[in-house]
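S.K.: Quick one, final29.txt (compact mmCIF, C-alpha atoms (C1' of nucleotides)):
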```txt
# COMPACT_ATOMS: atom_id res chain seq x y z
CA MET A 1 -17.60 -4.70 7.57
CA THR A 2 -14.14 -4.27 8.96
CA ILE A 3 -12.48 -0.97 9.61
CA ARG A 4 -10.32 -1.58 6.58
CA ASP A 5 -13.31 -1.30 4.27
CA ARG A 6 -14.67 1.88 5.71
CA GLN A 7 -14.35 4.93 3.59
CA TYR A 8 -12.19 7.66 4.93
CA ALA A 9 -12.46 11.11 3.46
CA LEU A 10 -9.10 12.75 3.04
CA ASP A 11 -8.78 16.39 3.95
CA ASP A 12 -5.84 18.60 3.09
CA VAL A 13 -4.12 17.93 6.40
CA SER A 14 -4.14 14.18 5.87
CA ARG A 15 -2.88 14.69 2.34
CA ALA A 16 -0.08 16.85 3.70
CA ILE A 17 0.83 14.18 6.24
CA ILE A 18 0.90 11.54 3.51
CA GLU A 19 3.16 13.75 1.41
CA GLN A 20 5.56 14.13 4.30
CA LEU A 21 5.74 10.40 4.78
CA GLN A 22 6.11 9.77 1.06
CA GLU A 23 9.32 11.75 1.27
CA ASP A 24 10.57 9.93 4.34
CA GLY A 25 8.65 7.20 6.06
CA ARG A 26 10.62 7.58 9.28
CA ARG A 27 10.24 11.30 9.63
CA PRO A 28 9.50 12.13 13.28
CA TYR A 29 5.90 12.95 14.08
CA ALA A 30 7.04 16.15 15.75
CA ARG A 31 8.55 17.42 12.50
CA ILE A 32 5.48 16.44 10.52
CA ALA A 33 3.37 18.22 13.10
CA THR A 34 5.21 21.50 12.55
CA ALA A 35 4.97 21.10 8.80
CA VAL A 36 1.23 20.51 8.73
CA GLY A 37 0.25 22.70 11.66
CA LEU A 38 -1.02 20.12 14.13
CA SER A 39 0.21 18.77 17.43
CA GLU A 40 2.40 15.71 17.50
CA ALA A 41 -0.33 13.59 19.10
CA ALA A 42 -2.85 14.60 16.48
CA VAL A 43 -0.49 13.63 13.69
CA ARG A 44 0.11 10.24 15.25
CA GLN A 45 -3.62 9.67 15.58
CA ARG A 46 -4.17 10.54 11.95
CA VAL A 47 -1.36 8.32 10.75
CA GLN A 48 -2.80 5.51 12.84
CA ARG A 49 -6.22 6.01 11.33
CA LEU A 50 -4.89 6.21 7.79
CA VAL A 51 -2.97 2.99 8.26
CA ASP A 52 -5.86 1.22 10.00
CA ALA A 53 -8.21 2.27 7.23
CA GLY A 54 -5.88 0.80 4.64
CA VAL A 55 -5.37 4.15 2.96
CA MET A 56 -1.64 4.18 3.59
CA GLN A 57 1.19 1.94 4.69
CA ILE A 58 4.67 2.87 5.77
CA VAL A 59 7.08 0.32 4.41
CA ALA A 60 10.46 -0.28 2.88
CA VAL A 61 10.46 -0.52 -0.89
CA THR A 62 13.45 -1.80 -2.80
CA ASP A 63 14.86 -0.99 -6.20
CA PRO A 64 13.58 -3.91 -8.27
CA LEU A 65 16.44 -3.76 -10.71
CA HIS A 66 19.24 -3.58 -8.18
CA PRO A 67 21.98 -6.14 -8.90
CA GLY A 68 21.38 -7.80 -5.54
CA PHE A 69 17.86 -8.60 -6.53
CA SER A 70 16.19 -10.45 -9.27
CA ARG A 71 14.41 -10.71 -12.56
CA GLN A 72 11.08 -9.07 -12.86
CA ALA A 73 8.30 -9.06 -15.44
CA MET A 74 4.76 -7.92 -16.03
CA VAL A 75 2.48 -10.70 -17.16
CA GLY A 76 -0.66 -9.55 -18.93
CA VAL A 77 -3.50 -12.06 -18.72
CA ARG A 78 -6.65 -12.54 -20.79
CA THR A 79 -9.44 -14.43 -19.11
CA SER A 80 -12.78 -16.05 -19.68
CA GLY A 81 -15.43 -16.11 -16.98
CA ASP A 82 -15.03 -14.19 -13.75
CA VAL A 83 -11.93 -12.01 -13.89
CA ARG A 84 -11.97 -11.54 -10.15
CA ALA A 85 -11.63 -15.23 -9.42
CA VAL A 86 -8.62 -15.42 -11.70
CA ALA A 87 -7.12 -12.31 -10.14
CA ASP A 88 -7.55 -13.76 -6.67
CA THR A 89 -5.86 -16.99 -7.67
CA LEU A 90 -2.94 -15.11 -9.19
CA ALA A 91 -2.66 -12.93 -6.10
CA ALA A 92 -2.19 -16.07 -4.04
CA LEU A 93 0.98 -17.04 -5.92
CA PRO A 94 3.98 -15.98 -3.85
CA GLU A 95 6.02 -15.00 -6.91
CA VAL A 96 3.34 -12.46 -7.84
CA ASP A 97 3.70 -9.16 -6.01
CA ASP A 98 1.03 -7.03 -7.65
CA VAL A 99 -2.28 -7.85 -9.32
CA VAL A 100 -4.53 -5.32 -11.01
CA ILE A 101 -7.80 -5.92 -12.82
CA THR A 102 -7.94 -3.73 -15.90
CA SER A 103 -10.10 -2.83 -18.84
CA GLY A 104 -8.43 -2.94 -22.23
CA SER A 105 -6.97 -5.71 -24.31
CA LEU A 106 -5.66 -7.41 -21.18
CA ASP A 107 -7.90 -8.27 -18.24
CA VAL A 108 -5.32 -8.63 -15.52
CA LEU A 109 -1.80 -7.29 -15.03
CA ALA A 110 0.34 -9.36 -12.70
CA GLU A 111 3.80 -8.21 -11.70
CA VAL A 112 6.11 -11.14 -11.10
CA VAL A 113 9.41 -11.35 -9.23
CA CYS A 114 11.78 -14.28 -9.69
CA GLU A 115 15.03 -15.26 -8.11
CA ASP A 116 16.58 -15.84 -11.55
CA ASP A 117 15.79 -16.02 -15.23
CA ASP A 118 15.23 -19.77 -15.24
CA GLN A 119 12.35 -19.42 -12.85
CA LEU A 120 10.32 -17.02 -14.94
CA PRO A 121 9.07 -19.47 -17.60
CA ASP A 122 7.96 -21.70 -14.77
CA VAL A 123 5.94 -18.97 -13.12
CA VAL A 124 4.37 -18.01 -16.43
CA ALA A 125 3.45 -21.65 -17.02
CA ARG A 126 1.82 -21.72 -13.63
CA ILE A 127 -0.18 -18.61 -14.48
CA ARG A 128 -1.30 -20.12 -17.77
CA ALA A 129 -2.47 -23.22 -15.94
CA VAL A 130 -4.92 -21.22 -13.85
CA GLU A 131 -8.57 -21.97 -14.63
CA GLY A 132 -10.04 -19.13 -16.66
CA VAL A 133 -6.75 -17.90 -18.12
CA THR A 134 -7.01 -17.99 -21.90
CA SER A 135 -3.71 -16.36 -22.83
CA THR A 136 -0.81 -14.42 -21.40
CA GLU A 137 1.71 -11.92 -22.61
CA THR A 138 5.02 -11.37 -20.82
CA PHE A 139 6.93 -8.12 -20.62
CA LEU A 140 10.37 -8.64 -19.15
CA TYR A 141 11.69 -5.66 -17.24
CA LEU A 142 14.83 -4.28 -18.80
CA GLY A 143 15.14 -0.95 -17.09
CA LEU A 144 13.41 1.28 -14.60
CA ARG A 145 13.18 4.96 -15.42
CA ARG A 146 11.04 6.11 -12.62
CA GLN A 147 9.59 4.78 -9.43
CA THR A 148 7.66 7.16 -7.28
CA TYR A 149 5.74 6.17 -4.24
CA ALA A 150 2.94 8.56 -4.95
CA ARG A 151 0.94 5.72 -6.41
CA GLY A 152 -2.66 6.76 -6.05
CA THR A 153 -1.91 10.31 -5.06
CA PRO A 154 -2.36 12.37 -8.17
CA HIS A 155 -0.15 15.18 -9.27
CA ARG A 156 -1.69 18.48 -8.18
CA GLY A 157 -1.46 21.38 -10.50
CA PRO A 158 -1.90 22.23 -14.15
CA LEU A 159 -1.71 19.49 -16.73
CA SER A 160 1.84 18.85 -17.82
CA ALA A 161 3.19 19.65 -21.23
CA VAL A 162 5.50 17.32 -23.09
CA PRO A 163 9.01 18.54 -22.27
CA GLU A 164 10.83 20.17 -25.17
CA GLU A 165 13.81 18.40 -26.64
CA MET B 1 29.92 7.76 -10.25
CA THR B 2 27.72 8.68 -7.34
CA ILE B 3 27.15 6.51 -4.34
CA ARG B 4 23.71 5.72 -5.68
CA ASP B 5 25.19 3.86 -8.62
CA ARG B 6 27.57 1.77 -6.64
CA GLN B 7 26.77 -1.85 -6.36
CA TYR B 8 26.03 -3.13 -2.91
CA ALA B 9 26.10 -6.84 -2.28
CA LEU B 10 23.28 -7.97 -0.06
CA ASP B 11 23.98 -10.55 2.58
CA ASP B 12 21.37 -12.45 4.54
CA VAL B 13 21.40 -9.96 7.39
CA SER B 14 20.61 -7.03 5.12
CA ARG B 15 17.89 -9.08 3.48
CA ALA B 16 16.46 -9.82 6.92
CA ILE B 17 16.52 -6.14 7.82
CA ILE B 18 14.75 -5.26 4.58
CA GLU B 19 12.11 -7.88 5.32
CA GLN B 20 11.50 -6.38 8.74
CA LEU B 21 11.04 -2.95 7.26
CA GLN B 22 8.81 -4.25 4.50
CA GLU B 23 6.44 -5.37 7.23
CA ASP B 24 6.60 -2.07 9.09
CA GLY B 25 8.69 0.84 7.96
CA ARG B 26 8.60 2.44 11.41
CA ARG B 27 9.66 -0.60 13.35
CA PRO B 28 12.20 0.45 16.01
CA TYR B 29 15.82 -0.36 15.23
CA ALA B 30 16.13 -2.04 18.60
CA ARG B 31 13.44 -4.57 17.69
CA ILE B 32 14.95 -5.19 14.28
CA ALA B 33 18.31 -5.72 15.95
CA THR B 34 16.94 -8.50 18.16
CA ALA B 35 15.22 -10.09 15.18
CA VAL B 36 18.30 -10.19 12.98
CA GLY B 37 20.93 -10.75 15.67
CA LEU B 38 22.88 -7.51 15.46
CA SER B 39 23.29 -4.51 17.71
CA GLU B 40 20.99 -1.58 17.33
CA ALA B 41 23.76 0.67 16.07
CA ALA B 42 24.79 -1.83 13.42
CA VAL B 43 21.24 -2.09 12.13
CA ARG B 44 20.98 1.67 11.83
CA GLN B 45 24.25 1.81 9.92
CA ARG B 46 23.10 -0.85 7.52
CA VAL B 47 19.77 0.83 6.93
CA GLN B 48 21.58 4.07 6.27
CA ARG B 49 23.86 2.41 3.77
CA LEU B 50 21.01 0.62 2.03
CA VAL B 51 19.11 3.87 1.67
CA ASP B 52 22.19 5.84 0.56
CA ALA B 53 23.01 3.20 -2.01
CA GLY B 54 19.50 3.46 -3.44
CA VAL B 55 18.75 -0.17 -2.66
CA MET B 56 15.87 0.66 -0.38
CA GLN B 57 13.64 3.52 0.64
CA ILE B 58 11.31 3.79 3.59
CA VAL B 59 8.21 5.63 2.50
CA ALA B 60 4.46 5.84 2.76
CA VAL B 61 2.57 4.13 -0.03
CA THR B 62 -1.12 4.66 -0.56
CA ASP B 63 -3.90 2.45 -1.84
CA PRO B 64 -4.29 3.68 -5.41
CA LEU B 65 -7.94 2.69 -5.59
CA HIS B 66 -9.04 4.25 -2.36
CA PRO B 67 -12.12 6.49 -2.81
CA GLY B 68 -10.16 9.50 -1.62
CA PHE B 69 -7.78 9.14 -4.49
CA SER B 70 -8.04 8.96 -8.19
CA ARG B 71 -8.20 7.17 -11.47
CA GLN B 72 -5.23 5.13 -12.47
CA ALA B 73 -4.15 3.33 -15.63
CA MET B 74 -1.25 1.50 -17.20
CA VAL B 75 -0.30 2.87 -20.58
CA GLY B 76 1.68 0.50 -22.77
CA VAL B 77 3.82 2.26 -25.36
CA ARG B 78 5.39 1.07 -28.60
CA THR B 79 8.30 3.10 -29.84
CA SER B 80 10.60 3.64 -32.75
CA GLY B 81 14.20 4.71 -32.25
CA ASP B 82 15.77 4.87 -28.82
CA VAL B 83 13.40 3.48 -26.22
CA ARG B 84 15.37 5.06 -23.43
CA ALA B 85 14.84 8.57 -24.71
CA VAL B 86 11.11 7.99 -24.86
CA ALA B 87 11.11 6.45 -21.40
CA ASP B 88 12.98 9.43 -20.01
CA THR B 89 10.52 11.86 -21.55
CA LEU B 90 7.58 9.94 -20.14
CA ALA B 91 9.23 9.79 -16.74
CA ALA B 92 9.35 13.58 -16.74
CA LEU B 93 5.57 13.88 -16.94
CA PRO B 94 4.21 14.56 -13.46
CA GLU B 95 1.11 12.44 -14.02
CA VAL B 96 3.32 9.41 -14.66
CA ASP B 97 4.45 7.68 -11.49
CA ASP B 98 6.24 4.63 -12.82
CA VAL B 99 8.09 3.93 -16.06
CA VAL B 100 9.57 0.57 -17.00
CA ILE B 101 11.37 -0.39 -20.20
CA THR B 102 10.31 -3.89 -21.23
CA SER B 103 10.84 -6.53 -23.85
CA GLY B 104 7.71 -7.96 -25.42
CA SER B 105 4.98 -6.52 -27.58
CA LEU B 106 5.18 -3.25 -25.67
CA ASP B 107 8.41 -1.32 -25.21
CA VAL B 108 7.50 0.81 -22.23
CA LEU B 109 4.96 0.50 -19.44
CA ALA B 110 3.95 3.80 -17.88
CA GLU B 111 1.69 3.92 -14.86
CA VAL B 112 -0.46 7.02 -14.83
CA VAL B 113 -2.37 8.71 -12.01
CA CYS B 114 -5.08 11.27 -12.68
CA GLU B 115 -7.21 13.42 -10.47
CA ASP B 116 -10.33 12.35 -12.36
CA ASP B 117 -11.55 10.42 -15.38
CA ASP B 118 -11.64 13.43 -17.67
CA GLN B 119 -7.95 13.99 -17.29
CA LEU B 120 -6.91 10.54 -18.46
CA PRO B 121 -7.55 10.97 -22.21
CA ASP B 122 -5.56 14.16 -22.02
CA VAL B 123 -2.57 12.47 -20.45
CA VAL B 124 -2.72 9.66 -22.99
CA ALA B 125 -2.83 12.23 -25.78
CA ARG B 126 0.25 13.84 -24.32
CA ILE B 127 2.04 10.50 -24.25
CA ARG B 128 1.11 9.82 -27.88
CA ALA B 129 2.52 13.19 -28.84
CA VAL B 130 5.96 12.26 -27.56
CA GLU B 131 8.58 11.92 -30.31
CA GLY B 132 9.28 8.25 -30.94
CA VAL B 133 5.95 6.94 -29.65
CA THR B 134 4.29 4.98 -32.42
CA SER B 135 1.26 3.62 -30.57
CA THR B 136 -0.19 3.22 -27.10
CA GLU B 137 -2.54 0.88 -25.35
CA THR B 138 -4.39 1.90 -22.21
CA PHE B 139 -5.40 -0.40 -19.39
CA LEU B 140 -7.70 1.34 -16.95
CA TYR B 141 -7.40 0.07 -13.39
CA LEU B 142 -10.66 -1.42 -12.19
CA GLY B 143 -9.54 -3.23 -9.09
CA LEU B 144 -6.48 -4.05 -7.09
CA ARG B 145 -6.11 -7.59 -5.82
CA ARG B 146 -2.71 -7.41 -4.36
CA GLN B 147 -0.10 -4.86 -3.62
CA THR B 148 2.98 -6.01 -1.83
CA TYR B 149 5.97 -3.90 -1.25
CA ALA B 150 8.39 -6.73 -1.83
CA ARG B 151 8.95 -5.44 -5.33
CA GLY B 152 12.35 -6.70 -6.32
CA THR B 153 12.77 -9.01 -3.38
CA PRO B 154 11.91 -12.44 -4.68
CA HIS B 155 9.90 -15.01 -2.84
CA ARG B 156 12.29 -17.43 -1.13
CA GLY B 157 11.37 -21.05 -1.04
CA PRO B 158 10.04 -23.75 -3.31
CA LEU B 159 8.14 -22.75 -6.42
CA SER B 160 4.48 -22.22 -5.72
CA ALA B 161 1.74 -24.48 -6.91
CA VAL B 162 -1.53 -23.16 -8.26
CA PRO B 163 -3.91 -23.15 -5.28
CA GLU B 164 -6.67 -25.75 -5.42
CA GLU B 165 -10.24 -24.60 -5.93
C1' DG C 1 31.82 -3.18 10.10
C1' DG C 2 30.96 -4.09 14.68
C1' DT C 3 29.93 -2.80 19.92
C1' DG C 4 28.10 -0.38 24.19
C1' DA C 5 26.69 3.49 27.01
C1' DA C 6 25.29 8.32 27.90
C1' DA C 7 22.50 12.29 26.39
C1' DG C 8 18.77 14.23 23.86
C1' DC C 9 14.61 13.53 21.57
C1' DT C 10 10.52 11.03 20.22
C1' DA C 11 6.55 8.16 20.90
C1' DA C 12 2.82 6.43 23.54
C1' DT C 13 -0.58 7.17 27.07
C1' DA C 14 -3.78 9.44 29.92
C1' DG C 15 -6.81 13.15 30.96
C1' DG C 16 -9.46 16.99 29.41
C1' DG C 17 -11.96 20.34 25.93
C1' DC D 1 -11.14 15.21 16.72
C1' DC D 2 -7.57 18.19 18.92
C1' DC D 3 -4.54 19.68 22.87
C1' DT D 4 -1.07 19.31 26.85
C1' DA D 5 1.87 16.78 29.96
C1' DT D 6 4.20 12.85 31.56
C1' DT D 7 6.87 8.74 31.30
C1' DA D 8 8.92 5.10 28.78
C1' DG D 9 11.48 4.08 24.97
C1' DC D 10 14.02 5.16 20.90
C1' DT D 11 17.71 7.38 18.32
C1' DT D 12 22.09 9.47 18.06
C1' DT D 13 26.74 10.07 18.95
C1' DC D 14 30.91 8.79 20.58
C1' DA D 15 35.11 6.26 21.81
C1' DC D 16 36.72 1.81 21.10
C1' DC D 17 37.41 -2.85 18.99
```
Please express the file's structure as structure tokens.

M.R.:
Amino acid sequence: MTIRDRQYALDDVSRAIIEQLQEDGRRPYARIATAVGLSEAAVRQRVQRLVDAGVMQIVAVTDPLHPGFSRQAMVGVRTSGDVRAVADTLAALPEVDDVVITSGSLDVLAEVVCEDDDQLPDVVARIRAVEGVTSTETFLYLGLRRQTYARGTPHRGPLSAVPEE
Amino acid sequence: MTIRDRQYALDDVSRAIIEQLQEDGRRPYARIATAVGLSEAAVRQRVQRLVDAGVMQIVAVTDPLHPGFSRQAMVGVRTSGDVRAVADTLAALPEVDDVVITSGSLDVLAEVVCEDDDQLPDVVARIRAVEGVTSTETFLYLGLRRQTYARGTPHRGPLSAVPEE
DNA sequence: GGTGAAAGCTAATAGGG
DNA sequence: CCCTATTAGCTTTCACC
């Protein structure tokens, strides 16, 4: 068992540190320390542990629909046999940037990034050729309405209402 | 028109800088400068511009399936009328962390994060109650196989082959 | 847009509770 | 697992190209 697999219980301080870094990944440890009520060294240790444990990463993320970039799509996959084997194979494709195993009418969701439109059918064909893939469904990205980086960190507070019109 | 909307053409140097920061968002500018062949000050300016233009953010991202976190699902939505209005409404829900407008058999993909399993049906109900939503399909996340942060930055190089078994 | 150098701050380390 | 203190290194700002 590597350190990456070990469970790490998150207390409120670690959550607060994560929130700080979700706002700005380069925020100085000293400023985070003041915000969460710890010393600078303690914050750095916690960040180190969180990253080592695989709980968090600090990285650059780009706007997927920026003109300088590329065409993107979600490919839903139905499988026969072991879903995990299929998911692993898809995850190994360099054009695939995200693979999730799901329950529902699709077994795997694979997010695909291409350099241009022409490449997409090719990537989809490659996905369909994978052993265990029975069918696919492609959802081309037309617009992004929201992209938070709080993936995995739930909204705290009362359940939301549907905003009035 | 705000600066965020302005187009920003990406040259190879900016791409290289983004790649560096996708590996480690806290990598010192001095090290990035050596890697991409610019001065430290120039790198910092470029990063600033990329962030100001909305091309890139440097943030903490968490493992959505870590035990310390929560239940996550993708909710596919079919709509009538203006998809964008629906997407905007969904994006305003705090439990929704990602909203993409797509072409295909689903019009919108909304990624949802809940504190626990009980909350999920509630959030889905709230989505179904949105004006213009005709039906939804929920894909509960069971496992994550891959999560890169190269979203939007396509793989460079020859098209991949399906890995051999 | 790019450079280079000085000044101020931040990060990493070591030592101790 | 947290703190303080020190040193090395990073970031920032500026004048200049």

S.K.: Present chain B as a CSV table (one decimal) with C-alpha atoms, keeping the file's coordinate frame, least-squares fitted onto chain A over all of its C-alpha atoms paired in order.

M.R.:
```csv
chain,number,residue,atom,x,y,z
B,1,MET,CA,-17.5,-4.8,7.6
B,2,THR,CA,-14.0,-4.4,9.0
B,3,ILE,CA,-12.4,-1.1,9.6
B,4,ARG,CA,-10.2,-1.7,6.6
B,5,ASP,CA,-13.2,-1.4,4.3
B,6,ARG,CA,-14.6,1.7,5.8
B,7,GLN,CA,-14.3,4.8,3.7
B,8,TYR,CA,-12.2,7.6,5.0
B,9,ALA,CA,-12.5,11.0,3.6
B,10,LEU,CA,-9.2,12.7,3.1
B,11,ASP,CA,-8.8,16.3,4.0
B,12,ASP,CA,-5.9,18.6,3.0
B,13,VAL,CA,-4.2,18.0,6.3
B,14,SER,CA,-4.2,14.2,5.9
B,15,ARG,CA,-3.0,14.7,2.3
B,16,ALA,CA,-0.2,16.9,3.6
B,17,ILE,CA,0.8,14.2,6.2
B,18,ILE,CA,0.9,11.6,3.5
B,19,GLU,CA,3.1,13.7,1.3
B,20,GLN,CA,5.5,14.2,4.2
B,21,LEU,CA,5.7,10.4,4.7
B,22,GLN,CA,6.0,9.8,1.0
B,23,GLU,CA,9.2,11.8,1.2
B,24,ASP,CA,10.5,10.0,4.3
B,25,GLY,CA,8.6,7.3,6.0
B,26,ARG,CA,10.7,7.7,9.2
B,27,ARG,CA,10.3,11.4,9.5
B,28,PRO,CA,9.6,12.3,13.1
B,29,TYR,CA,6.0,13.2,14.0
B,30,ALA,CA,7.1,16.4,15.6
B,31,ARG,CA,8.6,17.6,12.3
B,32,ILE,CA,5.5,16.6,10.4
B,33,ALA,CA,3.4,18.4,12.9
B,34,THR,CA,5.2,21.7,12.3
B,35,ALA,CA,5.0,21.2,8.6
B,36,VAL,CA,1.2,20.6,8.5
B,37,GLY,CA,0.2,22.9,11.4
B,38,LEU,CA,-1.0,20.4,13.9
B,39,SER,CA,0.2,19.1,17.3
B,40,GLU,CA,2.4,16.1,17.4
B,41,ALA,CA,-0.2,13.9,19.1
B,42,ALA,CA,-2.8,14.8,16.4
B,43,VAL,CA,-0.5,13.8,13.6
B,44,ARG,CA,0.2,10.5,15.3
B,45,GLN,CA,-3.5,9.8,15.6
B,46,ARG,CA,-4.1,10.7,12.0
B,47,VAL,CA,-1.3,8.4,10.8
B,48,GLN,CA,-2.7,5.6,12.9
B,49,ARG,CA,-6.2,6.1,11.5
B,50,LEU,CA,-4.9,6.2,7.9
B,51,VAL,CA,-2.9,3.0,8.4
B,52,ASP,CA,-5.8,1.3,10.2
B,53,ALA,CA,-8.2,2.3,7.5
B,54,GLY,CA,-5.8,0.8,4.9
B,55,VAL,CA,-5.4,4.1,3.1
B,56,MET,CA,-1.7,4.2,3.7
B,57,GLN,CA,1.2,2.0,4.8
B,58,ILE,CA,4.7,2.9,5.8
B,59,VAL,CA,7.1,0.3,4.5
B,60,ALA,CA,10.4,-0.3,2.9
B,61,VAL,CA,10.4,-0.6,-0.8
B,62,THR,CA,13.4,-1.9,-2.8
B,63,ASP,CA,14.8,-1.1,-6.2
B,64,PRO,CA,13.5,-4.1,-8.2
B,65,LEU,CA,16.4,-3.9,-10.7
B,66,HIS,CA,19.2,-3.7,-8.2
B,67,PRO,CA,21.9,-6.2,-8.8
B,68,GLY,CA,21.3,-7.9,-5.5
B,69,PHE,CA,17.8,-8.7,-6.5
B,70,SER,CA,16.2,-10.5,-9.3
B,71,ARG,CA,14.4,-10.7,-12.5
B,72,GLN,CA,11.1,-9.1,-12.8
B,73,ALA,CA,8.3,-9.1,-15.4
B,74,MET,CA,4.7,-7.9,-16.0
B,75,VAL,CA,2.5,-10.7,-17.2
B,76,GLY,CA,-0.7,-9.5,-18.9
B,77,VAL,CA,-3.5,-12.0,-18.8
B,78,ARG,CA,-6.7,-12.5,-20.9
B,79,THR,CA,-9.4,-14.4,-19.2
B,80,SER,CA,-12.8,-16.0,-19.8
B,81,GLY,CA,-15.4,-16.1,-17.1
B,82,ASP,CA,-15.0,-14.2,-13.9
B,83,VAL,CA,-11.9,-12.1,-14.0
B,84,ARG,CA,-12.0,-11.6,-10.2
B,85,ALA,CA,-11.6,-15.3,-9.5
B,86,VAL,CA,-8.6,-15.5,-11.8
B,87,ALA,CA,-7.1,-12.4,-10.2
B,88,ASP,CA,-7.6,-13.9,-6.8
B,89,THR,CA,-5.9,-17.1,-7.8
B,90,LEU,CA,-3.0,-15.2,-9.3
B,91,ALA,CA,-2.7,-13.0,-6.2
B,92,ALA,CA,-2.2,-16.2,-4.1
B,93,LEU,CA,1.0,-17.1,-6.0
B,94,PRO,CA,4.0,-16.1,-3.9
B,95,GLU,CA,6.0,-15.1,-6.9
B,96,VAL,CA,3.3,-12.5,-7.9
B,97,ASP,CA,3.7,-9.3,-6.0
B,98,ASP,CA,1.0,-7.1,-7.6
B,99,VAL,CA,-2.3,-7.9,-9.3
B,100,VAL,CA,-4.5,-5.4,-11.0
B,101,ILE,CA,-7.8,-6.0,-12.8
B,102,THR,CA,-8.0,-3.7,-15.9
B,103,SER,CA,-10.1,-2.8,-18.8
B,104,GLY,CA,-8.4,-2.9,-22.2
B,105,SER,CA,-7.0,-5.7,-24.3
B,106,LEU,CA,-5.7,-7.4,-21.2
B,107,ASP,CA,-7.9,-8.3,-18.2
B,108,VAL,CA,-5.3,-8.6,-15.5
B,109,LEU,CA,-1.8,-7.3,-15.0
B,110,ALA,CA,0.3,-9.4,-12.7
B,111,GLU,CA,3.8,-8.3,-11.7
B,112,VAL,CA,6.1,-11.2,-11.1
B,113,VAL,CA,9.4,-11.4,-9.2
B,114,CYS,CA,11.8,-14.3,-9.7
B,115,GLU,CA,15.0,-15.3,-8.1
B,116,ASP,CA,16.6,-15.9,-11.5
B,117,ASP,CA,15.8,-16.0,-15.2
B,118,ASP,CA,15.2,-19.8,-15.3
B,119,GLN,CA,12.3,-19.5,-12.9
B,120,LEU,CA,10.3,-17.0,-15.0
B,121,PRO,CA,9.1,-19.4,-17.7
B,122,ASP,CA,8.0,-21.7,-14.9
B,123,VAL,CA,6.0,-19.0,-13.2
B,124,VAL,CA,4.4,-18.0,-16.5
B,125,ALA,CA,3.5,-21.6,-17.2
B,126,ARG,CA,1.8,-21.8,-13.8
B,127,ILE,CA,-0.2,-18.7,-14.6
B,128,ARG,CA,-1.3,-20.1,-17.9
B,129,ALA,CA,-2.5,-23.2,-16.1
B,130,VAL,CA,-4.9,-21.3,-14.0
B,131,GLU,CA,-8.6,-22.0,-14.8
B,132,GLY,CA,-10.0,-19.2,-16.8
B,133,VAL,CA,-6.7,-17.9,-18.2
B,134,THR,CA,-7.0,-17.9,-22.0
B,135,SER,CA,-3.7,-16.3,-22.9
B,136,THR,CA,-0.8,-14.4,-21.5
B,137,GLU,CA,1.7,-11.9,-22.6
B,138,THR,CA,5.0,-11.3,-20.9
B,139,PHE,CA,6.9,-8.1,-20.6
B,140,LEU,CA,10.4,-8.6,-19.1
B,141,TYR,CA,11.7,-5.7,-17.2
B,142,LEU,CA,14.8,-4.3,-18.8
B,143,GLY,CA,15.1,-1.0,-17.0
B,144,LEU,CA,13.4,1.2,-14.5
B,145,ARG,CA,13.1,4.9,-15.3
B,146,ARG,CA,11.0,6.0,-12.5
B,147,GLN,CA,9.5,4.7,-9.3
B,148,THR,CA,7.6,7.0,-7.2
B,149,TYR,CA,5.7,6.0,-4.2
B,150,ALA,CA,2.9,8.5,-4.9
B,151,ARG,CA,0.9,5.6,-6.3
B,152,GLY,CA,-2.7,6.7,-6.0
B,153,THR,CA,-2.0,10.2,-4.9
B,154,PRO,CA,-2.4,12.3,-8.1
B,155,HIS,CA,-0.2,15.1,-9.1
B,156,ARG,CA,-1.8,18.4,-8.0
B,157,GLY,CA,-1.5,21.4,-10.3
B,158,PRO,CA,-1.9,22.2,-13.9
B,159,LEU,CA,-1.7,19.5,-16.5
B,160,SER,CA,1.9,18.9,-17.6
B,161,ALA,CA,3.3,19.7,-20.9
B,162,VAL,CA,5.6,17.4,-22.8
B,163,PRO,CA,9.1,18.6,-21.9
B,164,GLU,CA,11.0,20.3,-24.8
B,165,GLU,CA,14.0,18.5,-26.3
```

S.K.: Quick check: residues of chain C within 10 Å of chain A, only C-alpha atoms (C1' of nucleotides), returned as a compact mmCIF listing (two decimals) with C-alpha atoms (C1' of nucleotides), in the frame of the given file.

M.R.:
```
# COMPACT_ATOMS: atom_id res chain seq x y z
C1' DC C 9 14.61 13.53 21.57
C1' DT C 10 10.52 11.03 20.22
C1' DA C 11 6.55 8.16 20.90
C1' DA C 12 2.82 6.43 23.54
```

S.K.: Could you tell me how far atom CA of A:Arg145 sits from atom CA of B:Ile17, in Å to one decimal place?

M.R.: 26.0 Å

S.K.: Between atom CA of B:Val124 and atom CA of B:Leu93, what is the spacing in Å?

M.R.: 11.1 Å

S.K.: So what do you get for atom CA of A:Val61 versus atom CA of B:Ala150, distance-wise?

M.R.: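 Rounded to one decimal, the two atoms are 6.6 Å apart.
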
S.K.: Select all residues from chain D having any atom no more than 12 Å from an atom of chain A (counting all atoms listed in the file, ignoring ligands), output as a list in words.

M.R.: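 Listing them in order of chain and number gives DC1, DC2, DC3, DT4, DA5, DC10 and DT11 of chain D.
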
S.K.: Could you turn the residues from that selection into a file that holds C-alpha atoms (C1' of nucleotides), as a compact mmCIF listing (two decimals), in the coordinates of the input?

M.R.:
```
# COMPACT_ATOMS: atom_id res chain seq x y z
C1' DC D 1 -11.14 15.21 16.72
C1' DC D 2 -7.57 18.19 18.92
C1' DC D 3 -4.54 19.68 22.87
C1' DT D 4 -1.07 19.31 26.85
C1' DA D 5 1.87 16.78 29.96
C1' DC D 10 14.02 5.16 20.90
C1' DT D 11 17.71 7.38 18.32
```
